[in-house]
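A.B. asks: Structure supplied as coords_11.tsv; contents: TSV, N, CA and C atoms.
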```tsv
chain	number	residue	atom	x	y	z
A	1	MET	N	-11.18	-15.25	1.59
A	1	MET	CA	-11.19	-13.82	1.43
A	1	MET	C	-10.21	-13.40	0.35
A	2	ALA	N	-10.57	-12.33	-0.34
A	2	ALA	CA	-9.72	-11.82	-1.40
A	2	ALA	C	-8.58	-10.99	-0.83
A	3	LYS	N	-7.45	-11.01	-1.53
A	3	LYS	CA	-6.30	-10.18	-1.17
A	3	LYS	C	-6.33	-8.91	-2.00
A	4	THR	N	-6.02	-7.79	-1.38
A	4	THR	CA	-5.87	-6.53	-2.08
A	4	THR	C	-4.44	-6.06	-1.89
A	5	ILE	N	-3.75	-5.78	-2.97
A	5	ILE	CA	-2.37	-5.31	-2.91
A	5	ILE	C	-2.38	-3.80	-2.73
A	6	ILE	N	-1.61	-3.33	-1.76
A	6	ILE	CA	-1.50	-1.91	-1.47
A	6	ILE	C	-0.17	-1.41	-2.03
A	7	SER	N	-0.23	-0.29	-2.73
A	7	SER	CA	0.99	0.29	-3.29
A	7	SER	C	0.86	1.80	-3.30
A	8	THR	N	1.96	2.48	-2.99
A	8	THR	CA	1.97	3.94	-3.00
A	8	THR	C	3.34	4.45	-3.43
A	9	ALA	N	3.35	5.56	-4.13
A	9	ALA	CA	4.60	6.23	-4.49
A	9	ALA	C	5.18	6.97	-3.30
A	10	GLY	N	4.41	7.07	-2.21
A	10	GLY	CA	4.88	7.74	-1.00
A	10	GLY	C	5.87	6.93	-0.20
A	11	ALA	N	6.07	5.68	-0.59
A	11	ALA	CA	7.06	4.79	0.03
A	11	ALA	C	7.86	4.16	-1.09
A	12	PRO	N	9.07	3.68	-0.78
A	12	PRO	CA	9.89	3.09	-1.84
A	12	PRO	C	9.20	1.91	-2.52
A	13	ALA	N	9.41	1.81	-3.81
A	13	ALA	CA	8.91	0.65	-4.55
A	13	ALA	C	9.58	-0.61	-4.01
A	14	ALA	N	8.88	-1.71	-4.09
A	14	ALA	CA	9.45	-2.98	-3.64
A	14	ALA	C	10.75	-3.28	-4.39
A	15	ILE	N	11.77	-3.74	-3.66
A	15	ILE	CA	13.05	-4.07	-4.28
A	15	ILE	C	13.23	-5.58	-4.39
A	16	GLY	N	12.14	-6.30	-4.38
A	16	GLY	CA	12.18	-7.75	-4.47
A	16	GLY	C	10.81	-8.29	-4.82
A	17	THR	N	10.65	-9.55	-4.54
A	17	THR	CA	9.40	-10.23	-4.88
A	17	THR	C	8.40	-10.13	-3.73
A	18	TYR	N	7.93	-8.91	-3.50
A	18	TYR	CA	6.95	-8.67	-2.44
A	18	TYR	C	6.14	-7.42	-2.78
A	19	SER	N	5.06	-7.22	-2.05
A	19	SER	CA	4.23	-6.03	-2.17
A	19	SER	C	4.48	-5.14	-0.97
A	20	GLN	N	4.23	-3.83	-1.11
A	20	GLN	CA	4.39	-2.93	0.03
A	20	GLN	C	3.48	-3.35	1.18
A	21	ALA	N	2.28	-3.78	0.84
A	21	ALA	CA	1.34	-4.28	1.85
A	21	ALA	C	0.28	-5.12	1.15
A	22	VAL	N	-0.34	-5.99	1.94
A	22	VAL	CA	-1.42	-6.83	1.45
A	22	VAL	C	-2.56	-6.76	2.46
A	23	ARG	N	-3.76	-6.47	1.95
A	23	ARG	CA	-4.95	-6.41	2.81
A	23	ARG	C	-5.78	-7.67	2.59
A	24	VAL	N	-6.18	-8.28	3.71
A	24	VAL	CA	-7.10	-9.41	3.70
A	24	VAL	C	-8.15	-9.10	4.75
A	25	GLY	N	-9.38	-8.87	4.30
A	25	GLY	CA	-10.42	-8.44	5.22
A	25	GLY	C	-10.06	-7.08	5.79
A	26	ASP	N	-10.10	-6.94	7.09
A	26	ASP	CA	-9.75	-5.68	7.75
A	26	ASP	C	-8.30	-5.64	8.22
A	27	THR	N	-7.52	-6.67	7.89
A	27	THR	CA	-6.14	-6.75	8.33
A	27	THR	C	-5.21	-6.43	7.17
A	28	VAL	N	-4.23	-5.57	7.44
A	28	VAL	CA	-3.24	-5.18	6.44
A	28	VAL	C	-1.87	-5.58	6.97
A	29	TYR	N	-1.14	-6.33	6.16
A	29	TYR	CA	0.20	-6.78	6.50
A	29	TYR	C	1.19	-5.91	5.73
A	30	LEU	N	1.98	-5.11	6.47
A	30	LEU	CA	2.91	-4.19	5.85
A	30	LEU	C	4.29	-4.82	5.79
A	31	SER	N	4.88	-4.84	4.59
A	31	SER	CA	6.23	-5.37	4.43
A	31	SER	C	7.23	-4.48	5.13
A	32	GLY	N	8.40	-5.03	5.36
A	32	GLY	CA	9.46	-4.28	6.01
A	32	GLY	C	9.87	-3.06	5.21
A	33	GLN	N	10.11	-1.98	5.93
A	33	GLN	CA	10.59	-0.75	5.32
A	33	GLN	C	11.96	-0.43	5.91
A	34	ILE	N	12.89	-0.10	5.02
A	34	ILE	CA	14.18	0.40	5.45
A	34	ILE	C	14.22	1.89	5.12
A	35	GLY	N	15.30	2.54	5.41
A	35	GLY	CA	15.38	3.99	5.26
A	35	GLY	C	15.65	4.47	3.85
A	36	LEU	N	14.92	3.91	2.89
A	36	LEU	CA	15.06	4.36	1.50
A	36	LEU	C	14.17	5.57	1.25
A	37	ASP	N	14.75	6.58	0.62
A	37	ASP	CA	13.96	7.73	0.20
A	37	ASP	C	13.12	7.31	-1.00
A	38	PRO	N	11.80	7.50	-0.96
A	38	PRO	CA	10.96	7.02	-2.07
A	38	PRO	C	11.21	7.76	-3.38
A	39	GLN	N	11.71	8.98	-3.33
A	39	GLN	CA	11.95	9.74	-4.55
A	39	GLN	C	13.25	9.30	-5.23
A	40	SER	N	14.32	9.20	-4.46
A	40	SER	CA	15.63	8.89	-5.04
A	40	SER	C	15.92	7.40	-5.07
A	41	GLY	N	15.25	6.63	-4.21
A	41	GLY	CA	15.53	5.21	-4.12
A	41	GLY	C	16.84	4.92	-3.39
A	42	GLN	N	17.42	5.95	-2.79
A	42	GLN	CA	18.69	5.80	-2.08
A	42	GLN	C	18.45	5.73	-0.57
A	43	LEU	N	19.35	5.02	0.11
A	43	LEU	CA	19.30	4.92	1.56
A	43	LEU	C	19.75	6.24	2.17
A	44	VAL	N	18.95	6.79	3.08
A	44	VAL	CA	19.35	8.03	3.75
A	44	VAL	C	20.50	7.70	4.71
A	45	GLU	N	21.29	8.70	5.06
A	45	GLU	CA	22.50	8.46	5.84
A	45	GLU	C	22.28	8.67	7.33
A	46	GLY	N	22.83	7.77	8.11
A	46	GLY	CA	22.80	7.88	9.56
A	46	GLY	C	21.61	7.21	10.18
A	47	ILE	N	21.80	6.73	11.39
A	47	ILE	CA	20.75	5.98	12.08
A	47	ILE	C	19.52	6.84	12.35
A	48	ASP	N	19.70	8.09	12.78
A	48	ASP	CA	18.54	8.93	13.09
A	48	ASP	C	17.68	9.17	11.85
A	49	ALA	N	18.33	9.50	10.74
A	49	ALA	CA	17.60	9.73	9.48
A	49	ALA	C	16.93	8.46	8.99
A	50	GLN	N	17.59	7.30	9.16
A	50	GLN	CA	16.99	6.04	8.72
A	50	GLN	C	15.77	5.68	9.56
A	51	ILE	N	15.85	5.87	10.86
A	51	ILE	CA	14.68	5.56	11.71
A	51	ILE	C	13.49	6.43	11.30
A	52	THR	N	13.73	7.71	11.13
A	52	THR	CA	12.66	8.62	10.71
A	52	THR	C	12.09	8.21	9.37
A	53	ARG	N	12.95	7.89	8.41
A	53	ARG	CA	12.49	7.51	7.07
A	53	ARG	C	11.69	6.22	7.13
A	54	VAL	N	12.10	5.27	7.96
A	54	VAL	CA	11.35	4.01	8.11
A	54	VAL	C	9.91	4.31	8.53
A	55	PHE	N	9.73	5.17	9.53
A	55	PHE	CA	8.37	5.46	10.01
A	55	PHE	C	7.60	6.33	9.02
A	56	ASP	N	8.28	7.21	8.31
A	56	ASP	CA	7.60	7.96	7.24
A	56	ASP	C	7.11	7.01	6.15
A	57	ASN	N	7.93	6.02	5.81
A	57	ASN	CA	7.54	5.05	4.79
A	57	ASN	C	6.36	4.20	5.26
A	58	LEU	N	6.42	3.73	6.50
A	58	LEU	CA	5.29	2.96	7.03
A	58	LEU	C	4.02	3.81	7.06
A	59	LYS	N	4.15	5.07	7.45
A	59	LYS	CA	3.00	5.97	7.49
A	59	LYS	C	2.36	6.10	6.10
A	60	ALA	N	3.19	6.25	5.08
A	60	ALA	CA	2.68	6.37	3.70
A	60	ALA	C	1.91	5.12	3.29
A	61	VAL	N	2.41	3.96	3.66
A	61	VAL	CA	1.73	2.71	3.28
A	61	VAL	C	0.43	2.55	4.06
A	62	THR	N	0.44	2.90	5.37
A	62	THR	CA	-0.81	2.79	6.13
A	62	THR	C	-1.88	3.70	5.54
A	63	GLU	N	-1.49	4.91	5.15
A	63	GLU	CA	-2.45	5.85	4.57
A	63	GLU	C	-2.96	5.36	3.22
A	64	ALA	N	-2.08	4.76	2.42
A	64	ALA	CA	-2.51	4.22	1.13
A	64	ALA	C	-3.52	3.08	1.30
A	65	ALA	N	-3.43	2.41	2.46
A	65	ALA	CA	-4.35	1.30	2.75
A	65	ALA	C	-5.63	1.79	3.42
A	66	GLY	N	-5.74	3.11	3.64
A	66	GLY	CA	-6.95	3.65	4.25
A	66	GLY	C	-6.89	3.75	5.76
A	67	GLY	N	-5.70	3.69	6.33
A	67	GLY	CA	-5.56	3.76	7.78
A	67	GLY	C	-4.53	4.80	8.19
A	68	SER	N	-3.99	4.57	9.36
A	68	SER	CA	-2.96	5.46	9.90
A	68	SER	C	-2.06	4.65	10.82
A	69	LEU	N	-0.98	5.26	11.27
A	69	LEU	CA	-0.10	4.58	12.22
A	69	LEU	C	-0.85	4.19	13.48
A	70	GLY	N	-1.88	4.93	13.84
A	70	GLY	CA	-2.68	4.61	15.01
A	70	GLY	C	-3.46	3.32	14.88
A	71	ASP	N	-3.59	2.80	13.66
A	71	ASP	CA	-4.29	1.54	13.44
A	71	ASP	C	-3.36	0.33	13.50
A	72	LEU	N	-2.05	0.56	13.66
A	72	LEU	CA	-1.12	-0.56	13.75
A	72	LEU	C	-1.32	-1.28	15.07
A	73	VAL	N	-1.35	-2.62	15.00
A	73	VAL	CA	-1.51	-3.42	16.21
A	73	VAL	C	-0.23	-4.14	16.59
A	74	LYS	N	0.71	-4.27	15.63
A	74	LYS	CA	1.98	-4.97	15.88
A	74	LYS	C	3.05	-4.36	15.01
A	75	VAL	N	4.19	-4.06	15.61
A	75	VAL	CA	5.35	-3.53	14.89
A	75	VAL	C	6.56	-4.37	15.26
A	76	ASN	N	7.32	-4.76	14.27
A	76	ASN	CA	8.58	-5.47	14.49
A	76	ASN	C	9.71	-4.56	14.03
A	77	ILE	N	10.70	-4.38	14.89
A	77	ILE	CA	11.86	-3.55	14.60
A	77	ILE	C	13.08	-4.45	14.51
A	78	TYR	N	13.88	-4.25	13.47
A	78	TYR	CA	15.12	-5.01	13.28
A	78	TYR	C	16.27	-4.01	13.26
A	79	LEU	N	17.24	-4.22	14.14
A	79	LEU	CA	18.38	-3.31	14.26
A	79	LEU	C	19.69	-4.07	14.11
A	80	THR	N	20.62	-3.48	13.37
A	80	THR	CA	21.94	-4.10	13.27
A	80	THR	C	22.78	-3.79	14.51
A	81	ASP	N	22.33	-2.84	15.33
A	81	ASP	CA	22.99	-2.50	16.59
A	81	ASP	C	21.91	-2.18	17.61
A	82	LEU	N	21.70	-3.09	18.55
A	82	LEU	CA	20.66	-2.87	19.56
A	82	LEU	C	20.98	-1.67	20.46
A	83	GLY	N	22.17	-1.14	20.37
A	83	GLY	CA	22.51	0.09	21.08
A	83	GLY	C	21.70	1.28	20.58
A	84	ASN	N	21.08	1.14	19.41
A	84	ASN	CA	20.24	2.21	18.85
A	84	ASN	C	18.78	2.09	19.25
A	85	PHE	N	18.47	1.15	20.14
A	85	PHE	CA	17.08	0.93	20.53
A	85	PHE	C	16.46	2.17	21.17
A	86	ALA	N	17.22	2.88	21.99
A	86	ALA	CA	16.68	4.09	22.63
A	86	ALA	C	16.31	5.13	21.58
A	87	LYS	N	17.07	5.21	20.50
A	87	LYS	CA	16.75	6.16	19.42
A	87	LYS	C	15.45	5.77	18.73
A	88	VAL	N	15.21	4.47	18.59
A	88	VAL	CA	13.94	4.01	18.01
A	88	VAL	C	12.79	4.45	18.92
A	89	ASN	N	12.94	4.27	20.23
A	89	ASN	CA	11.89	4.68	21.17
A	89	ASN	C	11.62	6.17	21.07
A	90	GLU	N	12.68	6.98	21.00
A	90	GLU	CA	12.51	8.43	20.90
A	90	GLU	C	11.74	8.81	19.64
A	91	THR	N	12.08	8.19	18.54
A	91	THR	CA	11.43	8.51	17.27
A	91	THR	C	10.00	8.00	17.26
A	92	MET	N	9.77	6.80	17.78
A	92	MET	CA	8.41	6.25	17.81
A	92	MET	C	7.48	7.16	18.62
A	93	ALA	N	8.00	7.79	19.66
A	93	ALA	CA	7.18	8.67	20.48
A	93	ALA	C	6.66	9.87	19.68
A	94	LYS	N	7.33	10.20	18.58
A	94	LYS	CA	6.88	11.30	17.72
A	94	LYS	C	5.79	10.84	16.75
A	95	TYR	N	5.71	9.55	16.49
A	95	TYR	CA	4.78	9.01	15.50
A	95	TYR	C	3.57	8.30	16.10
A	96	PHE	N	3.67	7.84	17.35
A	96	PHE	CA	2.62	7.03	17.96
A	96	PHE	C	2.12	7.66	19.25
A	97	GLN	N	0.85	7.43	19.52
A	97	GLN	CA	0.25	7.85	20.79
A	97	GLN	C	-0.32	6.61	21.47
A	98	GLN	N	-0.53	6.71	22.78
A	98	GLN	CA	-1.13	5.59	23.49
A	98	GLN	C	-2.55	5.38	23.04
A	99	PRO	N	-3.06	4.20	22.97
A	99	PRO	CA	-2.35	2.96	23.29
A	99	PRO	C	-1.40	2.56	22.16
A	100	TYR	N	-0.19	2.20	22.53
A	100	TYR	CA	0.83	1.84	21.56
A	100	TYR	C	0.57	0.44	21.00
A	101	PRO	N	1.08	0.18	19.80
A	101	PRO	CA	0.96	-1.18	19.27
A	101	PRO	C	1.88	-2.13	20.03
A	102	ALA	N	1.60	-3.40	19.93
A	102	ALA	CA	2.54	-4.40	20.43
A	102	ALA	C	3.82	-4.28	19.60
A	103	ARG	N	4.96	-4.64	20.19
A	103	ARG	CA	6.21	-4.44	19.45
A	103	ARG	C	7.24	-5.47	19.87
A	104	ALA	N	8.10	-5.81	18.91
A	104	ALA	CA	9.28	-6.61	19.18
A	104	ALA	C	10.47	-5.88	18.57
A	105	ALA	N	11.61	-6.00	19.21
A	105	ALA	CA	12.86	-5.45	18.66
A	105	ALA	C	13.88	-6.57	18.63
A	106	VAL	N	14.49	-6.73	17.47
A	106	VAL	CA	15.40	-7.86	17.26
A	106	VAL	C	16.72	-7.35	16.72
A	107	GLY	N	17.81	-7.83	17.28
A	107	GLY	CA	19.13	-7.53	16.73
A	107	GLY	C	19.44	-8.51	15.60
A	108	VAL	N	19.90	-7.97	14.49
A	108	VAL	CA	20.20	-8.80	13.32
A	108	VAL	C	21.61	-8.48	12.82
A	109	ALA	N	22.19	-9.43	12.10
A	109	ALA	CA	23.55	-9.26	11.59
A	109	ALA	C	23.62	-8.24	10.47
A	110	SER	N	22.62	-8.24	9.60
A	110	SER	CA	22.62	-7.29	8.48
A	110	SER	C	21.21	-7.15	7.93
A	111	LEU	N	21.02	-6.07	7.15
A	111	LEU	CA	19.74	-5.78	6.52
A	111	LEU	C	19.98	-5.44	5.06
A	112	PRO	N	18.93	-5.48	4.23
A	112	PRO	CA	19.10	-5.15	2.81
A	112	PRO	C	19.74	-3.78	2.61
A	113	ARG	N	20.57	-3.70	1.59
A	113	ARG	CA	21.24	-2.46	1.18
A	113	ARG	C	22.11	-1.83	2.26
A	114	GLY	N	22.47	-2.60	3.27
A	114	GLY	CA	23.30	-2.07	4.34
A	114	GLY	C	22.55	-1.18	5.31
A	115	ALA	N	21.22	-1.28	5.32
A	115	ALA	CA	20.40	-0.47	6.23
A	115	ALA	C	20.75	-0.80	7.68
A	116	LEU	N	20.51	0.17	8.55
A	116	LEU	CA	20.78	0.01	9.98
A	116	LEU	C	19.53	-0.39	10.75
A	117	VAL	N	18.35	-0.15	10.16
A	117	VAL	CA	17.08	-0.43	10.82
A	117	VAL	C	16.03	-0.79	9.77
A	118	GLU	N	15.12	-1.66	10.16
A	118	GLU	CA	13.97	-2.02	9.32
A	118	GLU	C	12.79	-2.23	10.25
A	119	ALA	N	11.60	-1.98	9.75
A	119	ALA	CA	10.38	-2.23	10.53
A	119	ALA	C	9.29	-2.74	9.61
A	120	ASP	N	8.52	-3.71	10.11
A	120	ASP	CA	7.31	-4.16	9.43
A	120	ASP	C	6.18	-4.06	10.43
A	121	ALA	N	4.95	-4.26	9.98
A	121	ALA	CA	3.82	-4.06	10.89
A	121	ALA	C	2.58	-4.78	10.41
A	122	VAL	N	1.62	-4.89	11.31
A	122	VAL	CA	0.28	-5.40	11.02
A	122	VAL	C	-0.70	-4.33	11.45
A	123	MET	N	-1.65	-4.04	10.59
A	123	MET	CA	-2.65	-3.01	10.84
A	123	MET	C	-4.04	-3.63	10.75
A	124	VAL	N	-4.94	-3.21	11.64
A	124	VAL	CA	-6.33	-3.63	11.59
A	124	VAL	C	-7.17	-2.38	11.39
A	125	LEU	N	-7.98	-2.39	10.35
A	125	LEU	CA	-8.84	-1.25	10.01
A	125	LEU	C	-10.21	-1.45	10.61
A	126	GLY	N	-10.85	-0.36	11.01
A	126	GLY	CA	-12.21	-0.41	11.50
A	126	GLY	C	-12.37	-1.01	12.87
A	127	ALA	N	-11.28	-1.09	13.61
A	127	ALA	CA	-11.37	-1.71	14.95
A	127	ALA	C	-11.90	-0.70	15.94
```
Translate this structure into structure tokens?

C.D. replies:
Amino acid sequence: MAKTIISTAGAPAAIGTYSQAVRVGDTVYLSGQIGLDPQSGQLVEGIDAQITRVFDNLKAVTEAAGGSLGDLVKVNIYLTDLGNFAKVNETMAKYFQQPYPARAAVGVASLPRGALVEADAVMVLGA
């Protein structure tokens, strides 16, 4: 199957050797998003703002791929402080409706650019 690279100005440009997302068949693999503002390229301040920005960025990439957050089947959350997990749940409730995607949350020592949270996802279109 052919790969299609997904890119949008609605999410931060890749800051490394990766694509914002890659589609293979009906499956779209979304790269990790941190709380970078796509216009300024700067990390937004504070955990609440970063969590919101992460999901806004993921939303922009899903839409660029022809889907929506409702098409996500798997989300991985990376937190530098697992004490912020409840805040992630609160914010996700604003972006997702049941049935929710499968999810993992992992505590990590650090993230790119000093981010406090990162999320990546897998989306299936036409399901």

A.B. asks: Please measure the separation of CA of Gly114 in chain A and CA of Asp71 in chain A, giving the value in Å to one decimal.

C.D. replies: 29.3 Å

A.B. asks: Calculate, to one decimal in Å, the centre and edge lengths of the box along x, y and z of the file that holds all listed atoms of range 46-59 of chain A with 4 Å of margin on each side, and present them as AutoDock Vina command-line options.

C.D. replies:
```
--center_x 12.6 --center_y 6.3 --center_z 8.9 --size_x 28.5 --size_y 14.8 --size_z 16.3
```

A.B. asks: Rank nothing, just name the residue among A:Gly83, A:Pro101, A:Pro112, A:Gly10 nearest to Pro38 in chain A, using only C-alpha atoms.

C.D. replies: A:Gly10

A.B. asks: Going by DSSP on the backbone, which bits of chain A are strand (DSSP E)? Write them as a VMD selection string, please.

C.D. replies: chain A and resid 3 to 6 21 to 24 27 to 33 72 to 79 102 to 107 117 to 124

A.B. asks: Which of these residues is nearest to Val124 in chain A, using only N, CA and C atoms: A:Asn57, A:Thr27, A:Thr8, A:Asn76?

C.D. replies: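 Closest candidate: A:Thr27.
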
A.B. asks: Quick one: residues within 8 Å of Val88 in chain A, only N, CA and C atoms, excluding same-chain residues fewer than 3 positions away - as a VMD selection string?

C.D. replies: chain A and resid 47 to 48 51 to 52 83 to 85 91 to 94

A.B. asks: Any idea what the distance is between atom N of Ala65 in chain A and atom C of Asp26 in chain A?

C.D. replies: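 Atom C of Asp26 in chain A lies 11.0 Å from atom N of Ala65 in chain A.
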
A.B. asks: For each of A:Ala11, A:Ala121, A:Val106, A:Met1, take the minimum atom-to-atom distance to Gly32 in chain A, counting only N, CA and C atoms, then give the residue where this is smallest.

C.D. replies: A:Ala121

A.B. asks: Report the distance between atom N of Ala21 in chain A and CA of Ser7 in chain A in Å, rounded to one decimal place.

C.D. replies: 5.9 Å

A.B. asks: Counting only N, CA and C atoms, what is within 7 Å of Ala2 in chain A, bar same-chain residues fewer than 3 positions away, as number ranges by chain?

C.D. replies: A: 23-25

A.B. asks: For Ala9 in chain A, which residue out of A:Ala49, A:Val122, A:Val22, A:Ala64 is the nearest one, using only N, CA and C atoms?

C.D. replies: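 Comparing A:Ala49, A:Val122, A:Val22, A:Ala64 against Ala9 in chain A, the winner is A:Ala64.
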
A.B. asks: Given the point (-10.5, 1.8, 12.6) in the file's coordinates, find the residues that have an atom at most 8 Å from it, counting all atoms listed in the file, and give them as a list in words.

C.D. replies: Gly66, Gly67, Ser68, Gly70, Asp71, Val124, Leu125, Gly126 and Ala127 of chain A

A.B. asks: Find the spatial neighbours of Arg53 in chain A, counting all atoms listed in the file, within a cut-off of 6.5 Å - ignore same-chain residues fewer than 5 positions away - and output them as an NGL selection string.

C.D. replies: :A and (34-36 or 48 or 58)
